[in-house]
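A.B. asks: Coordinates in start-v7.txt, compact mmCIF, C-alpha atoms, are listed below.
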```txt
# COMPACT_ATOMS: atom_id res chain seq x y z
CA MET W 1 22.74 -16.62 -19.76
CA GLU W 2 21.39 -19.62 -21.65
CA ALA W 3 19.38 -18.78 -24.77
CA GLU W 4 16.41 -20.79 -23.47
CA VAL W 5 16.31 -18.75 -20.26
CA TYR W 6 16.67 -15.43 -22.07
CA PHE W 7 13.98 -16.40 -24.57
CA LEU W 8 11.47 -17.47 -21.93
CA ARG W 9 11.86 -14.27 -19.89
CA TYR W 10 10.88 -12.18 -22.88
CA ALA W 11 8.25 -14.59 -24.19
CA PHE W 12 6.52 -15.62 -20.96
CA PRO W 13 4.51 -12.37 -20.57
CA CYS W 14 2.52 -13.36 -23.68
CA SER W 15 1.54 -16.71 -22.18
CA SER W 16 -1.55 -15.36 -20.41
CA THR W 17 -2.94 -14.51 -23.85
CA SER W 18 -2.08 -18.00 -25.12
CA MET W 19 -4.03 -19.42 -22.19
CA GLN W 20 -7.00 -17.10 -22.76
CA ARG W 21 -7.05 -18.29 -26.34
CA GLY W 22 -6.97 -21.91 -25.23
CA GLU W 23 -3.59 -22.63 -26.84
CA ILE W 24 -2.12 -23.77 -23.52
CA ASN W 25 -3.80 -24.96 -20.32
CA GLN W 26 -3.32 -23.83 -16.72
CA GLU W 27 -0.81 -26.59 -16.00
CA GLN W 28 1.36 -25.63 -18.97
CA PHE W 29 1.07 -21.96 -18.01
CA ASP W 30 2.21 -22.70 -14.43
CA GLU W 31 5.21 -24.67 -15.71
CA LEU W 32 6.25 -21.80 -18.00
CA ARG W 33 5.83 -19.31 -15.17
CA GLU W 34 7.87 -21.37 -12.73
CA ALA W 35 10.65 -21.83 -15.30
CA ALA W 36 10.67 -18.13 -16.20
CA ILE W 37 10.88 -17.03 -12.56
CA ASN W 38 13.57 -19.54 -11.60
CA ASN W 39 15.67 -19.24 -14.78
CA ARG W 40 15.09 -22.92 -15.50
CA VAL W 41 16.03 -24.27 -18.93
CA LEU W 42 13.05 -25.87 -20.68
CA PRO W 43 13.45 -28.18 -23.69
CA ARG W 44 13.83 -26.25 -26.95
CA GLU W 45 11.12 -28.29 -28.68
CA LYS W 46 8.63 -27.30 -26.00
CA LEU W 47 9.45 -23.58 -26.28
CA GLU W 48 9.27 -23.74 -30.08
CA ARG W 49 5.87 -25.42 -29.88
CA VAL W 50 4.31 -23.02 -27.36
CA TYR W 51 5.76 -19.86 -28.94
CA HIS W 52 5.53 -20.99 -32.56
CA ARG W 53 4.67 -17.51 -33.83
CA ALA W 54 7.88 -16.05 -32.42
CA PHE W 55 9.93 -18.92 -33.83
CA GLU W 56 8.56 -18.43 -37.33
CA ILE W 57 10.27 -15.04 -37.31
CA ILE W 58 13.33 -16.13 -35.32
CA GLY W 59 13.90 -18.86 -37.93
CA LYS W 60 13.88 -16.30 -40.74
CA LEU W 61 16.13 -13.98 -38.75
CA ALA W 62 18.61 -16.80 -38.11
CA ASN W 63 18.79 -17.48 -41.86
CA GLU W 64 19.41 -13.81 -42.58
CA LEU W 65 22.18 -13.68 -39.99
CA ASN W 66 23.52 -17.08 -41.03
CA ARG W 67 23.37 -18.34 -37.46
CA ASP W 68 21.49 -20.98 -35.52
CA LYS W 69 18.04 -19.94 -34.29
CA TRP W 70 19.09 -20.79 -30.74
CA ASP W 71 22.14 -18.54 -30.89
CA LEU W 72 21.67 -16.03 -28.05
CA GLU W 73 22.53 -13.16 -30.40
CA VAL W 74 19.68 -14.17 -32.72
CA ILE W 75 17.20 -14.32 -29.83
CA LYS W 76 18.40 -10.91 -28.60
CA GLU W 77 18.18 -9.41 -32.07
CA TYR W 78 14.60 -10.65 -32.25
CA PHE W 79 13.33 -9.30 -28.93
CA LEU W 80 15.37 -6.11 -28.82
CA LYS W 81 14.92 -5.09 -32.45
CA ARG W 82 12.96 -7.13 -34.98
CA HIS W 83 9.94 -7.72 -32.73
CA ASN W 84 9.32 -3.96 -32.28
CA GLU W 85 9.91 -3.26 -35.98
CA ILE W 86 7.26 -5.81 -36.93
CA ILE W 87 4.73 -4.20 -34.60
CA GLU W 88 5.57 -0.67 -35.74
CA GLU W 89 5.35 -1.59 -39.40
CA GLY W 90 1.98 -3.24 -38.82
CA MET W 91 3.02 -6.62 -40.19
CA TYR W 92 1.14 -9.84 -39.34
CA ASP W 93 -2.13 -7.96 -38.79
CA TYR W 94 -0.58 -5.69 -36.15
CA LYS W 95 -1.97 -2.73 -38.08
CA ARG W 96 -5.47 -3.76 -36.99
CA VAL W 97 -4.50 -3.75 -33.33
CA PRO W 98 -5.37 -0.73 -31.14
CA ALA W 99 -2.43 1.55 -30.33
CA SER W 100 -2.47 0.91 -26.57
CA LEU W 101 -2.22 -2.86 -27.08
CA ARG W 102 0.55 -2.52 -29.66
CA GLU W 103 2.43 -0.44 -27.11
CA LEU W 104 2.00 -3.18 -24.51
CA CYS W 105 3.43 -5.74 -26.96
CA LYS W 106 6.58 -3.78 -27.67
CA VAL W 107 9.75 -4.10 -25.65
CA HIS W 108 10.66 -0.80 -24.00
CA ARG W 109 13.65 0.34 -21.98
CA ALA W 110 12.21 1.96 -18.85
CA GLU W 111 13.27 3.44 -15.53
CA ILE W 112 11.80 2.21 -12.26
CA VAL W 113 10.28 5.16 -10.40
CA LYS W 114 8.36 3.35 -7.66
CA ILE W 115 8.11 -0.11 -6.15
CA ASN W 116 4.98 -1.36 -4.40
CA ASP W 117 5.24 -5.04 -3.53
CA ASN W 118 5.67 -6.77 -6.91
CA VAL W 119 4.19 -3.88 -8.90
CA LEU W 120 6.70 -1.48 -10.40
CA THR W 121 5.84 1.95 -11.73
CA VAL W 122 8.19 2.54 -14.65
CA ARG W 123 8.71 5.46 -16.99
CA TYR W 124 9.68 5.59 -20.65
CA ASN W 125 9.13 8.31 -23.29
CA GLY W 126 7.51 10.45 -20.59
CA LYS W 127 4.84 7.80 -19.96
CA LYS W 128 4.27 5.93 -16.71
CA LYS W 129 3.26 2.26 -16.75
CA LYS W 130 2.72 -0.53 -14.26
CA VAL W 131 4.66 -3.74 -14.69
CA LEU W 132 5.27 -6.78 -12.50
CA SER W 133 8.67 -7.50 -11.03
CA ASP W 134 8.27 -11.29 -10.73
CA LEU W 135 10.85 -12.08 -13.43
CA VAL W 136 13.66 -9.81 -12.22
CA ARG W 137 15.52 -9.93 -8.93
CA ASP W 138 16.89 -7.19 -6.69
CA VAL W 139 15.54 -4.18 -8.52
CA ARG W 140 15.52 -0.71 -6.98
CA GLU W 141 14.12 2.70 -7.82
CA GLY W 142 16.30 4.28 -10.49
CA ASP W 143 17.23 0.95 -12.12
CA MET W 144 16.72 0.55 -15.85
CA VAL W 145 14.80 -2.49 -17.04
CA ASN W 146 13.41 -3.80 -20.29
CA ILE W 147 9.66 -4.25 -20.08
CA HIS W 148 7.39 -6.44 -22.19
CA HIS W 149 3.68 -6.98 -21.92
CA GLY W 150 3.27 -5.92 -18.32
CA TYR W 151 6.45 -7.47 -16.93
CA ALA W 152 9.96 -6.22 -16.27
CA VAL W 153 11.92 -8.91 -18.11
CA GLU W 154 15.56 -7.88 -17.82
CA LYS W 155 17.51 -5.61 -15.49
CA LEU W 156 19.95 -3.52 -17.55
CA MET X 1 1.01 -12.30 -32.38
CA CYS X 2 1.07 -11.96 -28.65
CA LEU X 3 -1.83 -9.71 -27.98
CA ALA X 4 -3.62 -8.96 -24.80
CA ILE X 5 -7.34 -9.52 -24.45
CA PRO X 6 -9.00 -6.76 -22.41
CA GLY X 7 -11.79 -7.49 -19.96
CA LYS X 8 -14.37 -5.23 -18.35
CA ILE X 9 -14.43 -4.58 -14.61
CA ILE X 10 -17.91 -5.40 -13.35
CA LYS X 11 -17.27 -5.26 -9.60
CA ILE X 12 -14.60 -4.02 -7.21
CA GLU X 13 -14.57 -5.14 -3.59
CA ASN X 14 -11.64 -4.66 -1.19
CA ASN X 15 -9.31 -4.00 -4.13
CA ILE X 16 -10.33 -7.23 -5.84
CA ALA X 17 -11.82 -6.60 -9.25
CA THR X 18 -14.14 -9.05 -10.99
CA ILE X 19 -13.43 -8.90 -14.69
CA ASP X 20 -15.75 -10.07 -17.43
CA TYR X 21 -14.16 -11.51 -20.56
CA GLY X 22 -17.43 -12.47 -22.20
CA SER X 23 -16.85 -16.20 -22.08
CA GLU X 24 -15.64 -16.18 -18.48
CA LYS X 25 -15.12 -14.04 -15.40
CA ARG X 26 -11.88 -13.76 -13.46
CA GLU X 27 -10.70 -11.95 -10.37
CA ALA X 28 -7.62 -9.75 -10.18
CA LYS X 29 -6.07 -7.53 -7.54
CA ILE X 30 -5.81 -3.76 -7.83
CA VAL X 31 -2.50 -2.77 -6.26
CA GLU X 32 -1.86 0.61 -7.87
CA GLY X 33 -3.77 2.97 -10.05
CA ASP X 34 -7.20 4.42 -10.58
CA PHE X 35 -9.47 1.66 -11.88
CA LYS X 36 -13.25 1.80 -11.83
CA VAL X 37 -16.23 -0.38 -12.68
CA ASN X 38 -16.85 -0.38 -16.47
CA ASP X 39 -13.18 0.21 -17.26
CA PHE X 40 -11.62 -2.13 -19.79
CA VAL X 41 -8.36 -3.43 -18.40
CA ILE X 42 -5.41 -5.71 -18.97
CA VAL X 43 -4.45 -8.19 -16.26
CA GLN X 44 -1.07 -9.83 -15.75
CA GLY X 45 -0.22 -12.25 -12.96
CA LYS X 46 -3.70 -11.73 -11.43
CA ILE X 47 -2.99 -8.00 -11.06
CA VAL X 48 -4.75 -5.21 -12.97
CA ILE X 49 -1.97 -3.32 -14.72
CA GLU X 50 -3.46 -1.17 -17.41
CA LYS X 51 -6.58 0.58 -18.63
CA VAL X 52 -7.46 0.36 -22.33
CA PRO X 53 -9.30 3.38 -23.76
CA LYS X 54 -12.94 2.45 -24.45
CA ASN X 55 -12.83 3.73 -28.03
CA GLN X 56 -10.02 1.25 -28.77
CA VAL X 57 -11.71 -1.77 -27.23
CA LYS X 58 -14.87 -2.36 -29.22
CA GLY X 59 -13.49 -3.02 -32.68
CA TRP X 60 -10.69 -5.10 -31.22
CA LEU X 61 -12.97 -7.44 -29.28
CA GLU X 62 -15.10 -8.00 -32.39
CA LEU X 63 -11.98 -8.76 -34.38
CA LEU X 64 -10.86 -11.30 -31.76
CA LYS X 65 -14.28 -12.93 -31.72
CA ASN X 66 -14.15 -13.43 -35.47
CA GLY X 67 -10.76 -15.07 -35.12
CA SER X 68 -7.56 -13.11 -35.57
```
Could you spell out this file's structure in structure tokens?
C.D. replies:
Amino acid sequence: MEAEVYFLRYAFPCSSTSMQRGEINQEQFDELREAAINNRVLPREKLERVYHRAFEIIGKLANELNRDKWDLEVIKEYFLKRHNEIIEEGMYDYKRVPASLRELCKVHRAEIVKINDNVLTVRYNGKKKKVLSDLVRDVREGDMVNIHHGYAVEKL
Amino acid sequence: MCLAIPGKIIKIENNIATIDYGSEKREAKIVEGDFKVNDFVIVQGKIVIEKVPKNQVKGWLELLKNGS
């Protein structure tokens, strides 16, 4: 999978917050959503601009790993590891954020226990959560998915 | 930071919730789960997905208002 596509799947769920905060408009949001759903490659400059907070950290991570920031392994390392560590350690003001919202921001590996239209009930650490299935195709009960911010973002 | 902004359900009619975010109101569908008027919730893709405990909401909304 292209790094741009992988990145957008994991990053898109945060876009509704960016829109609520007025950082992007409805038209930009719709374009991101369409690209995320259809695995469309968007220009790197655009993704770096919209998700500048993520890229601040991805840039540092790339330096540490001595790789390019658009190397798929760097992007994976960010979303599957560094991103959760930052939230858990309370960096970048995350310590002031309520526990339930921090939990929503973290990437979790979860099992699908029920499917109702595009709403999946998933389970991880004994907890049940609702997430949307719009970004993953052909999922069934029993499948494992990574979830982020109310979306299933990758079928495992 | 990519952090959700909770809104308060002020009306539910035929599984469509009206949610107040202070500066604006938006509608979202309730597909699954036990959501009631006065609950603070998170919406994704126009669907109500999660309830946020009331005791966690207040300080957070004030923090957001003062710019986080």
A.B. asks: Hey, what's within 8 Å of Leu42 (chain W) if we count only C-alpha atoms and toss same-chain stuff fewer than 6 positions away? As a PDB file with C-alpha atoms, in the frame of the given file, please?
C.D. replies:
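Result went into out-v3.pdb, see below:
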```pdb
ATOM      1  CA  GLU W   4      16.410 -20.790 -23.470  1.00  0.00           C
ATOM      2  CA  VAL W   5      16.310 -18.750 -20.260  1.00  0.00           C
ATOM      3  CA  ALA W  35      10.650 -21.830 -15.300  1.00  0.00           C
TER       4      ALA W  35
END
```
A.B. asks: Using all atoms listed in the file, I'd like a table of the residues in chain X that come within 12 Å of chain W; for each, show the closest atom pair and its distance in Å rounded to one decimal, ordered by chain and ascending number, as JSON lines.
C.D. replies:
```
{"residue": "X:Met1", "atom": "CA", "partner": "W:Arg53", "partner_atom": "CA", "distance": 6.5}
{"residue": "X:Cys2", "atom": "CA", "partner": "W:Cys14", "partner_atom": "CA", "distance": 5.4}
{"residue": "X:Leu3", "atom": "CA", "partner": "W:Thr17", "partner_atom": "CA", "distance": 6.4}
{"residue": "X:Ala4", "atom": "CA", "partner": "W:Thr17", "partner_atom": "CA", "distance": 5.7}
{"residue": "X:Ile5", "atom": "CA", "partner": "W:Thr17", "partner_atom": "CA", "distance": 6.7}
{"residue": "X:Pro6", "atom": "CA", "partner": "W:Leu101", "partner_atom": "CA", "distance": 9.1}
{"residue": "X:Gly7", "atom": "CA", "partner": "W:Gln20", "partner_atom": "CA", "distance": 11.1}
{"residue": "X:Tyr21", "atom": "CA", "partner": "W:Gln20", "partner_atom": "CA", "distance": 9.3}
{"residue": "X:Gly22", "atom": "CA", "partner": "W:Gln20", "partner_atom": "CA", "distance": 11.4}
{"residue": "X:Ser23", "atom": "CA", "partner": "W:Gln20", "partner_atom": "CA", "distance": 9.9}
{"residue": "X:Glu24", "atom": "CA", "partner": "W:Gln20", "partner_atom": "CA", "distance": 9.7}
{"residue": "X:Lys25", "atom": "CA", "partner": "W:Gln20", "partner_atom": "CA", "distance": 11.4}
{"residue": "X:Arg26", "atom": "CA", "partner": "W:Gln20", "partner_atom": "CA", "distance": 11.0}
{"residue": "X:Lys29", "atom": "CA", "partner": "W:Val119", "partner_atom": "CA", "distance": 11.0}
{"residue": "X:Ile30", "atom": "CA", "partner": "W:Val119", "partner_atom": "CA", "distance": 10.1}
{"residue": "X:Val31", "atom": "CA", "partner": "W:Val119", "partner_atom": "CA", "distance": 7.3}
{"residue": "X:Glu32", "atom": "CA", "partner": "W:Val119", "partner_atom": "CA", "distance": 7.6}
{"residue": "X:Gly33", "atom": "CA", "partner": "W:Lys130", "partner_atom": "CA", "distance": 8.5}
{"residue": "X:Asp34", "atom": "CA", "partner": "W:Lys130", "partner_atom": "CA", "distance": 11.7}
{"residue": "X:Phe40", "atom": "CA", "partner": "W:Ser100", "partner_atom": "CA", "distance": 11.8}
{"residue": "X:Val41", "atom": "CA", "partner": "W:Leu101", "partner_atom": "CA", "distance": 10.6}
{"residue": "X:Ile42", "atom": "CA", "partner": "W:Gly150", "partner_atom": "CA", "distance": 8.7}
{"residue": "X:Val43", "atom": "CA", "partner": "W:Gly150", "partner_atom": "CA", "distance": 8.3}
{"residue": "X:Gln44", "atom": "CA", "partner": "W:Gly150", "partner_atom": "CA", "distance": 6.4}
{"residue": "X:Gly45", "atom": "CA", "partner": "W:Leu132", "partner_atom": "CA", "distance": 7.8}
{"residue": "X:Lys46", "atom": "CA", "partner": "W:Ser16", "partner_atom": "CA", "distance": 9.9}
{"residue": "X:Ile47", "atom": "CA", "partner": "W:Leu132", "partner_atom": "CA", "distance": 8.5}
{"residue": "X:Val48", "atom": "CA", "partner": "W:Lys130", "partner_atom": "CA", "distance": 8.9}
{"residue": "X:Ile49", "atom": "CA", "partner": "W:Lys130", "partner_atom": "CA", "distance": 5.5}
{"residue": "X:Glu50", "atom": "CA", "partner": "W:Lys130", "partner_atom": "CA", "distance": 7.0}
{"residue": "X:Lys51", "atom": "CA", "partner": "W:Ser100", "partner_atom": "CA", "distance": 8.9}
{"residue": "X:Val52", "atom": "CA", "partner": "W:Ser100", "partner_atom": "CA", "distance": 6.6}
{"residue": "X:Pro53", "atom": "CA", "partner": "W:Ser100", "partner_atom": "CA", "distance": 7.8}
{"residue": "X:Lys54", "atom": "CA", "partner": "W:Pro98", "partner_atom": "CA", "distance": 10.6}
{"residue": "X:Asn55", "atom": "CA", "partner": "W:Pro98", "partner_atom": "CA", "distance": 9.2}
{"residue": "X:Gln56", "atom": "CA", "partner": "W:Pro98", "partner_atom": "CA", "distance": 5.6}
{"residue": "X:Val57", "atom": "CA", "partner": "W:Pro98", "partner_atom": "CA", "distance": 7.5}
{"residue": "X:Lys58", "atom": "CA", "partner": "W:Pro98", "partner_atom": "CA", "distance": 9.8}
{"residue": "X:Gly59", "atom": "CA", "partner": "W:Pro98", "partner_atom": "CA", "distance": 8.6}
{"residue": "X:Trp60", "atom": "CA", "partner": "W:Val97", "partner_atom": "CA", "distance": 6.7}
{"residue": "X:Leu61", "atom": "CA", "partner": "W:Val97", "partner_atom": "CA", "distance": 10.1}
{"residue": "X:Glu62", "atom": "CA", "partner": "W:Val97", "partner_atom": "CA", "distance": 11.5}
{"residue": "X:Leu63", "atom": "CA", "partner": "W:Arg96", "partner_atom": "CA", "distance": 8.6}
{"residue": "X:Leu64", "atom": "CA", "partner": "W:Arg21", "partner_atom": "CA", "distance": 9.6}
{"residue": "X:Lys65", "atom": "CA", "partner": "W:Arg21", "partner_atom": "CA", "distance": 10.5}
{"residue": "X:Gly67", "atom": "CA", "partner": "W:Arg21", "partner_atom": "CA", "distance": 10.1}
{"residue": "X:Ser68", "atom": "CA", "partner": "W:Asp93", "partner_atom": "CA", "distance": 8.1}
```
A.B. asks: Write a file of the selected residues as a tab-separated table (two decimals), in the frame of the given file, keeping C-alpha atoms.
C.D. replies:
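The result, written out as out20.tsv:
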```tsv
chain	number	residue	atom	x	y	z
X	1	MET	CA	1.01	-12.30	-32.38
X	2	CYS	CA	1.07	-11.96	-28.65
X	3	LEU	CA	-1.83	-9.71	-27.98
X	4	ALA	CA	-3.62	-8.96	-24.80
X	5	ILE	CA	-7.34	-9.52	-24.45
X	6	PRO	CA	-9.00	-6.76	-22.41
X	7	GLY	CA	-11.79	-7.49	-19.96
X	21	TYR	CA	-14.16	-11.51	-20.56
X	22	GLY	CA	-17.43	-12.47	-22.20
X	23	SER	CA	-16.85	-16.20	-22.08
X	24	GLU	CA	-15.64	-16.18	-18.48
X	25	LYS	CA	-15.12	-14.04	-15.40
X	26	ARG	CA	-11.88	-13.76	-13.46
X	29	LYS	CA	-6.07	-7.53	-7.54
X	30	ILE	CA	-5.81	-3.76	-7.83
X	31	VAL	CA	-2.50	-2.77	-6.26
X	32	GLU	CA	-1.86	0.61	-7.87
X	33	GLY	CA	-3.77	2.97	-10.05
X	34	ASP	CA	-7.20	4.42	-10.58
X	40	PHE	CA	-11.62	-2.13	-19.79
X	41	VAL	CA	-8.36	-3.43	-18.40
X	42	ILE	CA	-5.41	-5.71	-18.97
X	43	VAL	CA	-4.45	-8.19	-16.26
X	44	GLN	CA	-1.07	-9.83	-15.75
X	45	GLY	CA	-0.22	-12.25	-12.96
X	46	LYS	CA	-3.70	-11.73	-11.43
X	47	ILE	CA	-2.99	-8.00	-11.06
X	48	VAL	CA	-4.75	-5.21	-12.97
X	49	ILE	CA	-1.97	-3.32	-14.72
X	50	GLU	CA	-3.46	-1.17	-17.41
X	51	LYS	CA	-6.58	0.58	-18.63
X	52	VAL	CA	-7.46	0.36	-22.33
X	53	PRO	CA	-9.30	3.38	-23.76
X	54	LYS	CA	-12.94	2.45	-24.45
X	55	ASN	CA	-12.83	3.73	-28.03
X	56	GLN	CA	-10.02	1.25	-28.77
X	57	VAL	CA	-11.71	-1.77	-27.23
X	58	LYS	CA	-14.87	-2.36	-29.22
X	59	GLY	CA	-13.49	-3.02	-32.68
X	60	TRP	CA	-10.69	-5.10	-31.22
X	61	LEU	CA	-12.97	-7.44	-29.28
X	62	GLU	CA	-15.10	-8.00	-32.39
X	63	LEU	CA	-11.98	-8.76	-34.38
X	64	LEU	CA	-10.86	-11.30	-31.76
X	65	LYS	CA	-14.28	-12.93	-31.72
X	67	GLY	CA	-10.76	-15.07	-35.12
X	68	SER	CA	-7.56	-13.11	-35.57
```
A.B. asks: Just how far from CA of Arg82 (chain W) is CA of Leu61 (chain W), in Å to one decimal?
C.D. replies: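 Computed distance, CA of Leu61 (chain W) to CA of Arg82 (chain W), equals 8.4 Å.
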A.B. asks: With all atoms listed in the file as the counted atoms, please give the residues lying no more than 7 Å from Asp39 (chain X), apart from itself and same-chain residues fewer than 4 positions off, as a list in words.
C.D. replies: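 My list of contacting residues is Lys8, Ile9, Phe35 and Lys51 of chain X.
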A.B. asks: So that I can see what lies close to Arg137 (chain W), please list as a PyMOL selection string the residues with an atom at most 10 Å from it, counting all atoms listed in the file and leaving out residues fewer than 4 positions away in the same chain.
C.D. replies: chain W and resi 37+133+152-155
A.B. asks: List the neighbours of Met144 (chain W) out to 10 Å using all atoms listed in the file; skip same-chain residues closer than 5 positions along the sequence, and give me the result as JSON, numbers by chain.
C.D. replies: {"W": [109, 110, 111, 112, 113, 122, 123, 124, 139, 152, 154, 155, 156]}
A.B. asks: Which distance in Å separates CA of Glu31 (chain W) and CA of Arg67 (chain W), to one decimal?
C.D. replies: 29.0 Å
A.B. asks: May I have the residues at most 7 Å from (-10.7, -11.6, -6.1) in the file's coordinates, counting all atoms listed in the file, as a ChimeraX atom specification?
C.D. replies: /X:16-18,27-29
A.B. asks: Rounded to one decimal place, report the CA of Lys128 (chain W)-CA of Met1 (chain W) distance in Å.
C.D. replies: 29.3 Å
A.B. asks: Box time for region 62-67 of chain W: axis-aligned, enclosing all its listed atoms, 4 Å extra on each side; report centre and edge lengths in Å to one decimal, as lines of an AutoDock Vina configuration file.
C.D. replies:
```
center_x = 21.1
center_y = -16.0
center_z = -40.0
size_x = 12.9
size_y = 12.7
size_z = 13.1
```
